[in-house]
$ cat run_36.cif   # mmCIF, C-alpha atoms
data_run
#
loop_
_atom_site.label_atom_id
_atom_site.label_comp_id
_atom_site.auth_asym_id
_atom_site.auth_seq_id
_atom_site.Cartn_x
_atom_site.Cartn_y
_atom_site.Cartn_z
CA MET A 1 -12.36 -14.61 -63.56
CA ILE A 2 -14.73 -13.67 -66.38
CA SER A 3 -16.97 -10.64 -65.98
CA ILE A 4 -20.03 -9.75 -68.04
CA GLN A 5 -20.77 -6.04 -68.39
CA PRO A 6 -22.65 -3.70 -70.75
CA ILE A 7 -20.63 -2.77 -73.83
CA GLN A 8 -18.37 0.29 -73.59
CA GLU A 9 -17.12 2.35 -76.52
CA THR A 10 -13.60 1.03 -75.89
CA ASP A 11 -14.89 -2.52 -76.62
CA ASN A 12 -15.89 -1.75 -80.22
CA ALA A 13 -12.70 -2.80 -82.02
CA SER A 14 -12.16 -5.93 -79.92
CA ILE A 15 -15.69 -7.30 -80.25
CA ALA A 16 -15.82 -6.51 -83.99
CA ALA A 17 -12.55 -8.40 -84.49
CA LEU A 18 -13.80 -11.34 -82.41
CA ILE A 19 -17.09 -11.51 -84.37
CA ARG A 20 -15.27 -11.55 -87.71
CA GLU A 21 -12.74 -14.09 -86.42
CA VAL A 22 -15.52 -16.48 -85.34
CA LEU A 23 -17.43 -16.07 -88.59
CA THR A 24 -14.26 -16.77 -90.58
CA GLU A 25 -13.46 -19.82 -88.43
CA PHE A 26 -16.87 -21.34 -89.26
CA GLY A 27 -16.88 -20.34 -92.94
CA ALA A 28 -19.70 -17.82 -92.42
CA ASN A 29 -17.70 -14.72 -93.38
CA LYS A 30 -19.96 -13.69 -96.21
CA PRO A 31 -22.20 -10.84 -97.35
CA GLY A 32 -25.61 -10.69 -95.71
CA THR A 33 -24.22 -11.40 -92.24
CA VAL A 34 -22.78 -9.19 -89.50
CA PHE A 35 -19.39 -9.84 -91.14
CA THR A 36 -20.11 -7.10 -93.69
CA ASP A 37 -22.64 -5.10 -91.64
CA PRO A 38 -21.08 -1.66 -90.99
CA THR A 39 -22.74 -1.45 -87.56
CA THR A 40 -20.44 -4.28 -86.38
CA ASP A 41 -17.63 -1.73 -86.04
CA ASP A 42 -19.59 0.51 -83.67
CA LEU A 43 -21.80 -1.73 -81.54
CA PHE A 44 -21.60 0.71 -78.64
CA GLN A 45 -23.46 3.31 -80.72
CA LEU A 46 -25.91 0.75 -82.16
CA PHE A 47 -26.87 -0.42 -78.68
CA LYS A 48 -27.78 3.08 -77.56
CA THR A 49 -31.09 2.31 -79.28
CA ASP A 50 -33.99 2.30 -76.84
CA ARG A 51 -34.61 -1.11 -75.20
CA SER A 52 -31.46 -2.63 -76.70
CA HIS A 53 -28.62 -4.04 -74.62
CA TYR A 54 -25.29 -5.67 -75.48
CA PHE A 55 -23.11 -7.50 -72.99
CA ILE A 56 -19.38 -8.10 -73.24
CA ALA A 57 -17.60 -10.95 -71.47
CA LYS A 58 -14.02 -10.17 -70.48
CA GLU A 59 -11.25 -12.10 -68.83
CA ASN A 60 -8.32 -10.07 -67.53
CA GLY A 61 -9.48 -7.13 -69.63
CA ILE A 62 -9.59 -9.16 -72.87
CA VAL A 63 -12.89 -9.49 -74.74
CA ALA A 64 -13.94 -13.16 -74.71
CA GLY A 65 -17.44 -12.86 -76.16
CA GLY A 66 -20.65 -10.92 -76.43
CA CYS A 67 -24.43 -11.17 -76.84
CA GLY A 68 -27.39 -8.83 -76.72
CA ILE A 69 -30.96 -7.98 -77.57
CA TYR A 70 -32.16 -5.53 -80.19
CA PRO A 71 -35.62 -4.27 -81.22
CA THR A 72 -35.24 -5.12 -84.89
CA LYS A 73 -37.60 -3.30 -87.23
CA GLY A 74 -40.74 -5.23 -88.11
CA LEU A 75 -40.76 -7.73 -85.25
CA PRO A 76 -44.14 -8.78 -83.84
CA GLU A 77 -45.47 -6.93 -80.79
CA GLY A 78 -43.70 -8.07 -77.61
CA CYS A 79 -40.79 -9.62 -79.50
CA ILE A 80 -37.08 -8.72 -79.37
CA GLU A 81 -34.18 -10.18 -81.32
CA LEU A 82 -31.29 -11.99 -79.63
CA VAL A 83 -28.26 -10.77 -81.55
CA LYS A 84 -24.54 -11.18 -82.02
CA LEU A 85 -23.79 -14.15 -79.76
CA TYR A 86 -20.11 -14.78 -80.32
CA VAL A 87 -17.56 -16.47 -78.08
CA GLY A 88 -13.87 -16.66 -78.93
CA LYS A 89 -12.35 -20.11 -79.50
CA SER A 90 -10.32 -20.04 -76.29
CA HIS A 91 -13.44 -19.42 -74.18
CA ARG A 92 -15.79 -22.07 -75.56
CA ASN A 93 -17.07 -25.13 -73.72
CA ILE A 94 -17.05 -23.41 -70.34
CA GLY A 95 -20.67 -22.20 -70.40
CA LEU A 96 -19.87 -18.63 -71.40
CA GLY A 97 -22.23 -18.58 -74.39
CA LYS A 98 -25.04 -19.84 -72.17
CA GLN A 99 -24.25 -17.19 -69.54
CA LEU A 100 -24.31 -14.43 -72.15
CA MET A 101 -27.61 -15.70 -73.56
CA GLU A 102 -29.18 -16.01 -70.11
CA LYS A 103 -28.14 -12.45 -69.27
CA SER A 104 -29.70 -11.24 -72.53
CA ILE A 105 -32.90 -13.25 -71.97
CA GLU A 106 -33.23 -11.97 -68.38
CA THR A 107 -32.82 -8.43 -69.68
CA ALA A 108 -35.47 -9.00 -72.38
CA ILE A 109 -37.90 -10.22 -69.72
CA SER A 110 -37.15 -7.23 -67.50
CA GLU A 111 -37.87 -4.98 -70.51
CA GLY A 112 -41.30 -6.61 -70.81
CA PHE A 113 -40.75 -8.74 -73.89
CA THR A 114 -42.61 -12.05 -74.18
CA GLU A 115 -40.83 -13.58 -77.18
CA ILE A 116 -37.23 -13.72 -78.28
CA TYR A 117 -36.34 -14.24 -81.94
CA LEU A 118 -33.00 -15.00 -83.55
CA GLU A 119 -31.45 -15.55 -86.95
CA THR A 120 -28.43 -17.72 -87.59
CA LEU A 121 -26.65 -19.93 -90.08
CA PRO A 122 -26.18 -23.73 -90.14
CA GLU A 123 -22.42 -23.14 -90.18
CA LEU A 124 -22.68 -21.81 -86.62
CA HIS A 125 -23.70 -25.28 -85.41
CA ILE A 126 -22.30 -24.82 -81.90
CA ALA A 127 -24.60 -21.84 -81.33
CA VAL A 128 -27.54 -23.62 -82.97
CA GLY A 129 -27.15 -26.48 -80.47
CA LEU A 130 -27.14 -23.99 -77.61
CA TYR A 131 -30.28 -22.29 -78.93
CA GLU A 132 -32.03 -25.66 -79.13
CA HIS A 133 -30.85 -26.56 -75.61
CA LEU A 134 -32.28 -23.31 -74.24
CA GLY A 135 -35.70 -23.96 -75.78
CA PHE A 136 -35.64 -22.02 -79.03
CA GLU A 137 -37.83 -23.55 -81.72
CA TYR A 138 -37.44 -23.35 -85.49
CA LEU A 139 -39.58 -21.03 -87.59
CA ASP A 140 -40.54 -21.45 -91.26
CA LYS A 141 -39.71 -17.87 -92.17
CA PRO A 142 -37.97 -14.82 -90.69
CA TYR A 143 -39.53 -12.13 -88.56
CA GLY A 144 -38.69 -8.48 -89.07
CA ASP A 145 -36.09 -6.87 -91.28
CA SER A 146 -32.58 -7.38 -89.93
CA GLY A 147 -30.96 -6.99 -93.35
CA HIS A 148 -28.99 -10.21 -92.78
CA PHE A 149 -30.28 -12.01 -95.85
CA ALA A 150 -27.69 -14.82 -95.64
CA CYS A 151 -29.14 -16.05 -92.35
CA ASP A 152 -31.43 -18.93 -93.25
CA LEU A 153 -32.26 -20.43 -89.85
CA TRP A 154 -34.85 -18.62 -87.76
CA MET A 155 -35.84 -19.52 -84.22
CA SER A 156 -37.93 -18.10 -81.39
CA LYS A 157 -38.75 -18.72 -77.76
CA LYS A 158 -41.65 -17.53 -75.65
CA VAL A 159 -40.50 -16.16 -72.27
#

$ encode --input "run_36.cif" --output "structure tokens"
Amino acid sequence: MISIQPIQETDNASIAALIREVLTEFGANKPGTVFTDPTTDDLFQLFKTDRSHYFIAKENGIVAGGCGIYPTKGLPEGCIELVKLYVGKSHRNIGLGKQLMEKSIETAISEGFTEIYLETLPELHIAVGLYEHLGFEYLDKPYGDSGHFACDLWMSKKV
């Protein structure tokens, strides 16, 4: 049984390792991504930011994935960023990524946001397909200032 819960401090090392493992698997382990972002090692602290939320999926106490929302600096009014959707290889193709995204989107709506933005890379093609499936549309340029300059695909969805 997989559970989805808000991140706890004890999840930091496991989710950081999973994020870097997934990025390496897809050849996206490069500067300008969360791979080298120092906040990746302390997501619990990062997601103490007002109106931000990060959810961890666990099976038998083992971190299987995560996803959240974050009020990235410079986003348009009413917009929040969907961030750090990562699912470990052994937990893909069972709908977990979709569940994590839906939980994050529901939370964004409950926080009063009307648009959800995301940044990604073509290498993360599995996630890109999921974003498309859930109604995200491509943008010509990025919103806000995430600092992830290597991300060159930008998408948003009105909610």

$ closest_residue --input "run_36.cif" --among "A:Thr33, A:Gly97, A:Ile80, A:Gly88" --to "Thr114 (chain A)" --atoms "all atoms listed in the file"
A:Ile80

$ atom_distance --input "run_36.cif" --atom1 "CA of Val159 (chain A)" --atom2 "CA of Ile105 (chain A)"
8.1 Å

$ closest_residue --input "run_36.cif" --among "A:Thr49, A:Leu153, A:Ala28, A:Arg92" --to "Lys73 (chain A)" --atoms "all atoms listed in the file"
A:Thr49

$ resolve_selection --input "run_36.cif" --expression "the PyMOL selection byres ((chain A and resi 60) around 9)" --output "ChimeraX atom specification"
/A:1-3,58-59,61-63

$ closest_residue --input "run_36.cif" --among "A:Thr36, A:Ser90, A:Asn12, A:Ser52" --to "Ser110 (chain A)" --atoms "all atoms listed in the file"
A:Ser52

$ closest_residue --input "run_36.cif" --among "A:Glu115, A:Asp152, A:Glu25, A:Asp11" --to "Leu75 (chain A)" --atoms "only C-alpha atoms"
A:Glu115

$ atom_distance --input "run_36.cif" --atom1 "CA of Thr40 (chain A)" --atom2 "CA of Arg20 (chain A)"
9.0 Å

$ build_atoms --input "run_36.cif" --residues "region 136-154 of chain A" --atoms "N, CA and C atoms" --output "tab-separated table (two decimals), keeping the file's coordinate frame"
chain	number	residue	atom	x	y	z
A	136	PHE	N	-35.24	-22.71	-77.81
A	136	PHE	CA	-35.64	-22.02	-79.03
A	136	PHE	C	-36.17	-23.05	-80.03
A	137	GLU	N	-37.22	-22.67	-80.74
A	137	GLU	CA	-37.83	-23.55	-81.72
A	137	GLU	C	-37.71	-22.93	-83.11
A	138	TYR	N	-37.62	-23.80	-84.11
A	138	TYR	CA	-37.44	-23.35	-85.49
A	138	TYR	C	-38.71	-22.71	-86.05
A	139	LEU	N	-38.50	-21.71	-86.87
A	139	LEU	CA	-39.58	-21.03	-87.59
A	139	LEU	C	-39.45	-21.33	-89.09
A	140	ASP	N	-40.56	-21.21	-89.81
A	140	ASP	CA	-40.54	-21.45	-91.26
A	140	ASP	C	-40.05	-20.26	-92.07
A	141	LYS	N	-40.12	-19.08	-91.46
A	141	LYS	CA	-39.71	-17.87	-92.17
A	141	LYS	C	-39.23	-16.84	-91.16
A	142	PRO	N	-38.50	-15.82	-91.62
A	142	PRO	CA	-37.97	-14.82	-90.69
A	142	PRO	C	-39.04	-13.85	-90.22
A	143	TYR	N	-38.76	-13.26	-89.07
A	143	TYR	CA	-39.53	-12.13	-88.56
A	143	TYR	C	-38.72	-10.88	-88.89
A	144	GLY	N	-39.38	-9.76	-89.01
A	144	GLY	CA	-38.69	-8.48	-89.07
A	144	GLY	C	-37.79	-8.30	-90.27
A	145	ASP	N	-36.96	-7.26	-90.18
A	145	ASP	CA	-36.09	-6.87	-91.28
A	145	ASP	C	-34.70	-6.54	-90.75
A	146	SER	N	-33.92	-7.59	-90.47
A	146	SER	CA	-32.58	-7.38	-89.93
A	146	SER	C	-31.58	-6.95	-91.01
A	147	GLY	N	-31.90	-7.26	-92.27
A	147	GLY	CA	-30.96	-6.99	-93.35
A	147	GLY	C	-29.93	-8.08	-93.54
A	148	HIS	N	-29.97	-9.11	-92.70
A	148	HIS	CA	-28.99	-10.21	-92.78
A	148	HIS	C	-29.59	-11.34	-93.63
A	149	PHE	N	-29.61	-11.11	-94.93
A	149	PHE	CA	-30.28	-12.01	-95.85
A	149	PHE	C	-29.61	-13.37	-95.98
A	150	ALA	N	-28.37	-13.52	-95.56
A	150	ALA	CA	-27.69	-14.82	-95.64
A	150	ALA	C	-28.11	-15.75	-94.51
A	151	CYS	N	-28.70	-15.22	-93.46
A	151	CYS	CA	-29.14	-16.05	-92.35
A	151	CYS	C	-30.39	-16.81	-92.77
A	152	ASP	N	-30.31	-18.14	-92.77
A	152	ASP	CA	-31.43	-18.93	-93.25
A	152	ASP	C	-31.98	-19.91	-92.22
A	153	LEU	N	-31.63	-19.71	-90.96
A	153	LEU	CA	-32.26	-20.43	-89.85
A	153	LEU	C	-32.87	-19.38	-88.93
A	154	TRP	N	-34.14	-19.56	-88.60
A	154	TRP	CA	-34.85	-18.62	-87.76
A	154	TRP	C	-35.47	-19.39	-86.60
